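Novice: One file: coords-v6.cif (mmCIF, N, CA and C atoms and all ligand atoms).
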data_start
loop_
_atom_site.label_atom_id
_atom_site.label_comp_id
_atom_site.auth_asym_id
_atom_site.auth_seq_id
_atom_site.Cartn_x
_atom_site.Cartn_y
_atom_site.Cartn_z
N MET A 29 -16.49 6.66 3.54
CA MET A 29 -16.02 7.29 2.29
C MET A 29 -14.56 6.91 2.06
N THR A 30 -14.26 6.50 0.84
CA THR A 30 -12.88 6.18 0.51
C THR A 30 -12.50 6.95 -0.75
N GLU A 31 -11.25 7.39 -0.76
CA GLU A 31 -10.73 8.11 -1.92
C GLU A 31 -9.68 7.23 -2.58
N ILE A 32 -9.81 7.02 -3.86
CA ILE A 32 -8.88 6.14 -4.56
C ILE A 32 -7.57 6.86 -4.77
N ILE A 33 -6.48 6.28 -4.30
CA ILE A 33 -5.16 6.88 -4.44
C ILE A 33 -4.47 6.33 -5.68
N ILE A 34 -4.49 5.02 -5.84
CA ILE A 34 -3.82 4.42 -6.99
C ILE A 34 -4.58 3.16 -7.36
N ARG A 35 -4.58 2.81 -8.64
CA ARG A 35 -5.27 1.60 -9.04
C ARG A 35 -4.37 0.74 -9.92
N ALA A 36 -4.40 -0.55 -9.68
CA ALA A 36 -3.69 -1.51 -10.51
C ALA A 36 -4.75 -2.29 -11.28
N ALA A 37 -4.38 -3.45 -11.81
CA ALA A 37 -5.32 -4.19 -12.66
C ALA A 37 -6.61 -4.52 -11.93
N ASP A 38 -6.51 -5.17 -10.79
CA ASP A 38 -7.71 -5.64 -10.12
C ASP A 38 -7.86 -5.07 -8.71
N TRP A 39 -6.95 -4.21 -8.30
CA TRP A 39 -6.97 -3.71 -6.92
C TRP A 39 -6.80 -2.20 -6.93
N VAL A 40 -7.39 -1.55 -5.94
CA VAL A 40 -7.19 -0.12 -5.77
C VAL A 40 -6.76 0.15 -4.33
N LEU A 41 -5.92 1.16 -4.18
CA LEU A 41 -5.47 1.57 -2.86
C LEU A 41 -6.25 2.80 -2.45
N CYS A 42 -6.89 2.75 -1.30
CA CYS A 42 -7.72 3.85 -0.82
C CYS A 42 -7.21 4.30 0.54
N GLU A 43 -7.46 5.57 0.81
CA GLU A 43 -7.23 6.07 2.15
C GLU A 43 -8.43 5.68 2.99
N GLU A 44 -8.17 5.01 4.09
CA GLU A 44 -9.27 4.53 4.93
C GLU A 44 -9.87 5.71 5.69
N ARG A 45 -11.15 5.92 5.51
CA ARG A 45 -11.85 6.99 6.22
C ARG A 45 -13.15 6.47 6.77
N GLY A 46 -13.74 7.24 7.66
CA GLY A 46 -15.02 6.83 8.20
C GLY A 46 -15.05 7.03 9.69
N PRO A 47 -16.16 6.66 10.32
CA PRO A 47 -16.29 6.86 11.76
C PRO A 47 -15.25 6.04 12.51
N GLY A 48 -14.55 6.69 13.44
CA GLY A 48 -13.57 5.99 14.26
C GLY A 48 -12.20 5.88 13.63
N VAL A 49 -12.08 6.24 12.35
CA VAL A 49 -10.78 6.15 11.69
C VAL A 49 -10.11 7.53 11.76
N PRO A 50 -8.95 7.63 12.40
CA PRO A 50 -8.31 8.94 12.52
C PRO A 50 -7.83 9.46 11.17
N GLU A 51 -7.91 10.78 11.01
CA GLU A 51 -7.41 11.41 9.79
C GLU A 51 -5.90 11.27 9.72
N GLY A 52 -5.27 11.29 10.89
CA GLY A 52 -3.83 11.11 10.98
C GLY A 52 -3.47 10.72 12.40
N ILE A 53 -2.41 9.91 12.53
CA ILE A 53 -1.93 9.52 13.85
C ILE A 53 -0.57 10.20 14.01
N HIS A 54 -0.47 11.07 14.99
CA HIS A 54 0.73 11.90 15.14
C HIS A 54 1.63 11.33 16.24
N GLY A 55 2.93 11.40 15.98
CA GLY A 55 3.91 10.97 16.96
C GLY A 55 5.23 11.64 16.67
N ALA A 56 6.12 11.66 17.66
CA ALA A 56 7.45 12.25 17.48
C ALA A 56 8.45 11.47 18.28
N GLU A 57 9.70 11.49 17.80
CA GLU A 57 10.75 10.88 18.60
C GLU A 57 11.95 11.80 18.66
N CYS A 58 12.63 11.74 19.79
CA CYS A 58 13.82 12.55 20.00
C CYS A 58 14.97 11.95 19.20
N MET A 59 15.68 12.78 18.43
CA MET A 59 16.79 12.28 17.61
C MET A 59 18.06 12.13 18.44
N THR A 60 18.04 12.56 19.71
CA THR A 60 19.24 12.46 20.54
C THR A 60 19.22 11.19 21.38
N CYS A 61 18.04 10.85 21.95
CA CYS A 61 18.00 9.71 22.88
C CYS A 61 16.95 8.67 22.50
N ASP A 62 16.27 8.81 21.38
CA ASP A 62 15.27 7.84 20.92
C ASP A 62 14.02 7.78 21.79
N ALA A 63 13.82 8.75 22.69
CA ALA A 63 12.57 8.81 23.44
C ALA A 63 11.43 9.06 22.46
N ARG A 64 10.30 8.39 22.70
CA ARG A 64 9.16 8.53 21.78
C ARG A 64 7.97 9.11 22.53
N SER A 65 7.26 9.98 21.84
CA SER A 65 6.04 10.53 22.41
C SER A 65 4.95 9.48 22.33
N PRO A 66 3.88 9.63 23.12
CA PRO A 66 2.70 8.81 22.86
C PRO A 66 2.12 9.19 21.50
N LEU A 67 1.24 8.36 20.97
CA LEU A 67 0.59 8.67 19.68
C LEU A 67 -0.75 9.34 19.93
N PHE A 68 -1.06 10.34 19.13
CA PHE A 68 -2.33 11.05 19.25
C PHE A 68 -3.03 11.09 17.90
N ASP A 69 -4.33 10.87 17.93
CA ASP A 69 -5.13 10.91 16.70
C ASP A 69 -5.50 12.35 16.36
N ASN A 70 -5.38 12.69 15.08
CA ASN A 70 -5.94 13.91 14.47
C ASN A 70 -5.29 15.23 14.85
N ASP A 71 -4.74 15.34 16.07
CA ASP A 71 -4.26 16.65 16.54
C ASP A 71 -2.76 16.56 16.90
N PRO A 72 -1.91 17.32 16.19
CA PRO A 72 -0.48 17.25 16.49
C PRO A 72 -0.06 18.09 17.69
N THR A 73 -0.97 18.87 18.27
CA THR A 73 -0.60 19.76 19.37
C THR A 73 0.01 19.02 20.57
N PRO A 74 -0.60 17.90 21.02
CA PRO A 74 0.01 17.22 22.18
C PRO A 74 1.44 16.75 21.89
N ILE A 75 1.74 16.46 20.62
CA ILE A 75 3.10 16.04 20.26
C ILE A 75 4.06 17.22 20.40
N ALA A 76 3.61 18.39 19.98
CA ALA A 76 4.44 19.59 20.12
C ALA A 76 4.72 19.87 21.59
N VAL A 77 3.70 19.72 22.43
CA VAL A 77 3.86 19.93 23.87
C VAL A 77 4.88 18.93 24.44
N TRP A 78 4.76 17.67 23.99
CA TRP A 78 5.68 16.62 24.47
C TRP A 78 7.12 16.99 24.10
N CYS A 79 7.33 17.49 22.87
CA CYS A 79 8.68 17.86 22.42
C CYS A 79 9.25 18.98 23.30
N VAL A 80 8.43 19.99 23.55
CA VAL A 80 8.91 21.12 24.36
C VAL A 80 9.25 20.65 25.77
N GLN A 81 8.38 19.80 26.33
CA GLN A 81 8.64 19.30 27.69
C GLN A 81 9.90 18.45 27.73
N HIS A 82 10.12 17.65 26.66
CA HIS A 82 11.32 16.80 26.62
C HIS A 82 12.58 17.67 26.57
N THR A 83 12.53 18.76 25.81
CA THR A 83 13.69 19.66 25.74
C THR A 83 13.90 20.39 27.08
N GLN A 84 12.79 20.69 27.77
CA GLN A 84 12.93 21.32 29.10
C GLN A 84 13.66 20.39 30.06
N GLU A 85 13.37 19.07 29.95
CA GLU A 85 14.01 18.11 30.84
C GLU A 85 15.44 17.82 30.40
N HIS A 86 15.67 17.88 29.08
CA HIS A 86 17.00 17.57 28.51
C HIS A 86 17.35 18.69 27.54
N PRO A 87 17.95 19.79 28.05
CA PRO A 87 18.14 20.99 27.22
C PRO A 87 18.97 20.76 25.95
N ASP A 88 19.79 19.70 25.91
CA ASP A 88 20.57 19.47 24.69
C ASP A 88 19.83 18.57 23.69
N HIS A 89 18.62 18.13 24.02
CA HIS A 89 17.81 17.33 23.08
C HIS A 89 16.84 18.28 22.38
N THR A 90 17.21 18.69 21.17
CA THR A 90 16.40 19.74 20.51
C THR A 90 15.88 19.34 19.14
N LEU A 91 16.30 18.16 18.64
CA LEU A 91 15.86 17.77 17.30
C LEU A 91 14.92 16.56 17.40
N TYR A 92 13.78 16.64 16.70
CA TYR A 92 12.76 15.58 16.77
C TYR A 92 12.39 15.15 15.36
N LEU A 93 11.99 13.89 15.27
CA LEU A 93 11.39 13.40 14.02
C LEU A 93 9.89 13.25 14.28
N ALA A 94 9.11 14.09 13.62
CA ALA A 94 7.66 14.05 13.80
C ALA A 94 7.05 13.28 12.65
N ARG A 95 6.09 12.43 12.98
CA ARG A 95 5.44 11.59 11.95
C ARG A 95 3.94 11.78 12.00
N THR A 96 3.33 11.68 10.85
CA THR A 96 1.87 11.56 10.76
C THR A 96 1.57 10.31 9.95
N GLU A 97 0.86 9.38 10.55
CA GLU A 97 0.57 8.11 9.88
C GLU A 97 -0.90 8.03 9.53
N LYS A 98 -1.18 7.28 8.48
CA LYS A 98 -2.55 7.10 8.02
C LYS A 98 -2.80 5.63 7.72
N HIS A 99 -4.06 5.26 7.73
CA HIS A 99 -4.43 3.91 7.32
C HIS A 99 -4.75 3.91 5.83
N TRP A 100 -4.17 2.96 5.13
CA TRP A 100 -4.52 2.72 3.73
C TRP A 100 -5.12 1.33 3.64
N ARG A 101 -5.98 1.15 2.65
CA ARG A 101 -6.57 -0.17 2.46
C ARG A 101 -6.58 -0.48 0.96
N VAL A 102 -6.23 -1.72 0.64
CA VAL A 102 -6.30 -2.19 -0.75
C VAL A 102 -7.57 -3.02 -0.88
N VAL A 103 -8.39 -2.66 -1.84
CA VAL A 103 -9.67 -3.36 -2.03
C VAL A 103 -9.78 -3.80 -3.49
N PRO A 104 -10.62 -4.81 -3.74
CA PRO A 104 -10.85 -5.21 -5.14
C PRO A 104 -11.38 -4.03 -5.93
N ARG A 105 -10.94 -3.91 -7.17
CA ARG A 105 -11.37 -2.80 -8.02
C ARG A 105 -12.86 -2.91 -8.31
N PRO A 106 -13.58 -1.81 -8.06
CA PRO A 106 -15.01 -1.86 -8.40
C PRO A 106 -15.19 -2.10 -9.89
N ASP A 107 -16.10 -2.98 -10.24
CA ASP A 107 -16.32 -3.33 -11.65
C ASP A 107 -17.12 -2.23 -12.33
N GLU A 108 -16.40 -1.27 -12.94
CA GLU A 108 -17.09 -0.16 -13.60
C GLU A 108 -17.69 -0.63 -14.93
N THR A 109 -16.90 -1.36 -15.70
CA THR A 109 -17.39 -1.91 -16.97
C THR A 109 -17.14 -3.41 -16.95
N PRO A 110 -18.08 -4.16 -16.40
CA PRO A 110 -17.87 -5.60 -16.29
C PRO A 110 -17.70 -6.25 -17.67
N ALA A 111 -16.60 -6.97 -17.82
CA ALA A 111 -16.33 -7.64 -19.09
C ALA A 111 -17.13 -8.92 -19.16
N PRO A 112 -17.61 -9.28 -20.33
CA PRO A 112 -18.33 -10.55 -20.47
C PRO A 112 -17.43 -11.72 -20.09
N ALA A 113 -18.01 -12.76 -19.53
CA ALA A 113 -17.24 -13.91 -19.06
C ALA A 113 -16.44 -14.52 -20.21
N ASP A 114 -17.03 -14.56 -21.43
CA ASP A 114 -16.36 -15.16 -22.57
C ASP A 114 -15.07 -14.41 -22.89
N ASP A 115 -15.14 -13.08 -22.80
CA ASP A 115 -13.98 -12.24 -23.10
C ASP A 115 -12.85 -12.52 -22.13
N ARG A 116 -13.20 -12.64 -20.81
CA ARG A 116 -12.18 -12.91 -19.80
C ARG A 116 -11.52 -14.25 -20.05
N THR A 117 -12.31 -15.26 -20.37
CA THR A 117 -11.78 -16.59 -20.61
C THR A 117 -10.82 -16.56 -21.81
N ALA A 118 -11.21 -15.83 -22.84
CA ALA A 118 -10.37 -15.76 -24.04
C ALA A 118 -9.04 -15.10 -23.71
N ARG A 119 -9.07 -14.06 -22.84
CA ARG A 119 -7.84 -13.36 -22.49
C ARG A 119 -6.89 -14.26 -21.72
N VAL A 120 -7.45 -15.10 -20.83
CA VAL A 120 -6.61 -15.98 -20.02
C VAL A 120 -6.09 -17.14 -20.87
N LEU A 121 -6.98 -17.74 -21.67
CA LEU A 121 -6.61 -18.93 -22.43
C LEU A 121 -5.83 -18.59 -23.70
N GLY A 122 -5.99 -17.37 -24.22
CA GLY A 122 -5.35 -16.99 -25.47
C GLY A 122 -3.86 -17.27 -25.52
N PRO A 123 -3.07 -16.65 -24.64
CA PRO A 123 -1.62 -16.86 -24.70
C PRO A 123 -1.23 -18.31 -24.46
N ALA A 124 -1.94 -18.99 -23.53
CA ALA A 124 -1.62 -20.38 -23.24
C ALA A 124 -1.89 -21.24 -24.47
N PHE A 125 -2.97 -20.94 -25.16
CA PHE A 125 -3.34 -21.72 -26.35
C PHE A 125 -2.30 -21.52 -27.45
N VAL A 126 -1.88 -20.26 -27.65
CA VAL A 126 -0.86 -19.98 -28.67
C VAL A 126 0.44 -20.69 -28.31
N GLY A 127 0.79 -20.67 -27.01
CA GLY A 127 2.01 -21.35 -26.55
C GLY A 127 1.95 -22.84 -26.82
N LEU A 128 0.78 -23.41 -26.57
CA LEU A 128 0.60 -24.86 -26.78
C LEU A 128 0.74 -25.19 -28.26
N MET A 129 0.15 -24.35 -29.11
CA MET A 129 0.24 -24.59 -30.55
C MET A 129 1.68 -24.53 -31.04
N CYS A 130 2.45 -23.57 -30.49
CA CYS A 130 3.86 -23.44 -30.88
C CYS A 130 4.63 -24.70 -30.49
N LEU A 131 4.32 -25.20 -29.27
CA LEU A 131 5.00 -26.39 -28.76
C LEU A 131 4.68 -27.59 -29.64
N LEU A 132 3.38 -27.73 -30.01
CA LEU A 132 2.97 -28.86 -30.83
C LEU A 132 3.62 -28.79 -32.20
N THR A 133 3.69 -27.56 -32.74
CA THR A 133 4.33 -27.39 -34.04
C THR A 133 5.80 -27.78 -33.98
N ALA A 134 6.47 -27.39 -32.91
CA ALA A 134 7.89 -27.72 -32.75
C ALA A 134 8.07 -29.23 -32.63
N LEU A 135 7.18 -29.89 -31.88
CA LEU A 135 7.29 -31.33 -31.67
C LEU A 135 7.05 -32.09 -32.97
N SER A 136 6.04 -31.61 -33.72
CA SER A 136 5.73 -32.32 -34.96
C SER A 136 6.87 -32.17 -35.96
N GLY A 137 7.62 -31.06 -35.87
CA GLY A 137 8.79 -30.89 -36.72
C GLY A 137 9.94 -31.76 -36.25
N LEU A 138 9.96 -32.01 -34.94
CA LEU A 138 11.06 -32.76 -34.33
C LEU A 138 10.89 -34.26 -34.53
N LEU A 139 9.63 -34.72 -34.49
CA LEU A 139 9.38 -36.16 -34.52
C LEU A 139 9.93 -36.85 -35.78
N PRO A 140 9.67 -36.29 -36.97
CA PRO A 140 10.22 -36.95 -38.16
C PRO A 140 11.74 -37.01 -38.12
N ALA A 141 12.35 -35.97 -37.52
CA ALA A 141 13.80 -35.94 -37.44
C ALA A 141 14.32 -37.06 -36.56
N LEU A 142 13.56 -37.44 -35.52
CA LEU A 142 14.00 -38.45 -34.59
C LEU A 142 13.91 -39.86 -35.19
N THR A 143 13.03 -40.03 -36.19
CA THR A 143 12.83 -41.38 -36.73
C THR A 143 13.98 -41.78 -37.65
N TYR A 144 14.74 -40.82 -38.10
CA TYR A 144 15.87 -41.19 -38.96
C TYR A 144 17.06 -41.69 -38.17
ZN ZN B 1 15.80 13.03 24.12
#
For the structure just supplied, provide its representation as structure tokens.
Ligand SMILES: [Zn+2]
Specialist:
Amino acid sequence: MTEIIIRAADWVLCEERGPGVPEGIHGAECMTCDARSPLFDNDPTPIAVWCVQHTQEHPDHTLYLARTEKHWRVVPRPDETPAPADDRTARVLGPAFVGLMCLLTALSGLLPALTY
């Protein structure tokens, strides 16, 4: 199961879920000495225990940065309303074609000027 978080033109960002994928990966680091706890999936309790034990060993180390990390995945946008191939081609070629016509028009105006 994936939940769509944000969508752009052709891609969507989903929270990765499913068997074996942790809901969150918890970790903490000491702000005094940069010691880091091991990482634990889904349950922040072992991180809390690690923080308390670290303070017991180093009574002046009392501030921690706790993190919860998740997996995100960007996938191609599901085609809800598939556009006809002709429409897509027209959208891509349209601006290029107009640009080419402008260039040709400018050149044809320039050429007579160059012959004088
Ligand atoms: Zn520390």
Novice: Got a sec: who's within 10 Å of range 61-72 of chain A, counting only C-alpha atoms, leaving out chain neighbours fewer than 3 positions off, as a ChimeraX atom specification?
Specialist: /A:49-58,75-79,82,86,89,92-98
Novice: Atom N of Arg45 in chain A to atom N of Thr73 in chain A: how many Å, to one decimal?
Specialist: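 Computing the Euclidean distance for atom N of Arg45 in chain A and atom N of Thr73 in chain A yields 20.8 Å.
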Novice: From the options A:Asp107, A:Asp38, A:Glu44, A:Asp88, which residue's atoms come nearest to ligand ZN 1 (chain B), counting only C-alpha atoms and all ligand atoms?
Specialist: A:Asp88
Novice: Which polymer residues have any atom within 7 Å of an atom of Trp100 in chain A, counting only N, CA and C atoms, with same-chain residues fewer than 3 positions away left out, as a tab-separated table (two decimals) with N, CA and C atoms, in the frame of the given file?
Specialist:
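The result, written out as selection-v2.tsv:
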chain	number	residue	atom	x	y	z
A	41	LEU	N	-5.92	1.16	-4.18
A	41	LEU	CA	-5.47	1.57	-2.86
A	41	LEU	C	-6.25	2.80	-2.45
A	42	CYS	N	-6.89	2.75	-1.30
A	42	CYS	CA	-7.72	3.85	-0.82
A	42	CYS	C	-7.21	4.30	0.54
A	43	GLU	N	-7.46	5.57	0.81
A	43	GLU	CA	-7.23	6.07	2.15
A	43	GLU	C	-8.43	5.68	2.99
A	44	GLU	N	-8.17	5.01	4.09
A	44	GLU	CA	-9.27	4.53	4.93
A	44	GLU	C	-9.87	5.71	5.69
Novice: Report, in Å with one decimal, the straight-line distance from atom C of Pro106 in chain A to atom C of Ile33 in chain A.
Specialist: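 Interatomic distance here is 14.3 Å.
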Novice: Which distance in Å separates CA of Gln84 in chain A and CA of Met59 in chain A, to one decimal?
Specialist: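 One can read the CA of Gln84 in chain A to CA of Met59 in chain A distance as 15.1 Å.
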Novice: Taking only C-alpha atoms and all ligand atoms into account, which of A:Arg105, A:Pro87, A:His99, A:Trp39 comes nearest ligand ZN 1 (chain B)?
Specialist: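 Of A:Arg105, A:Pro87, A:His99, A:Trp39, the one nearest ligand ZN 1 (chain B) is A:Pro87, counting only C-alpha atoms and all ligand atoms.
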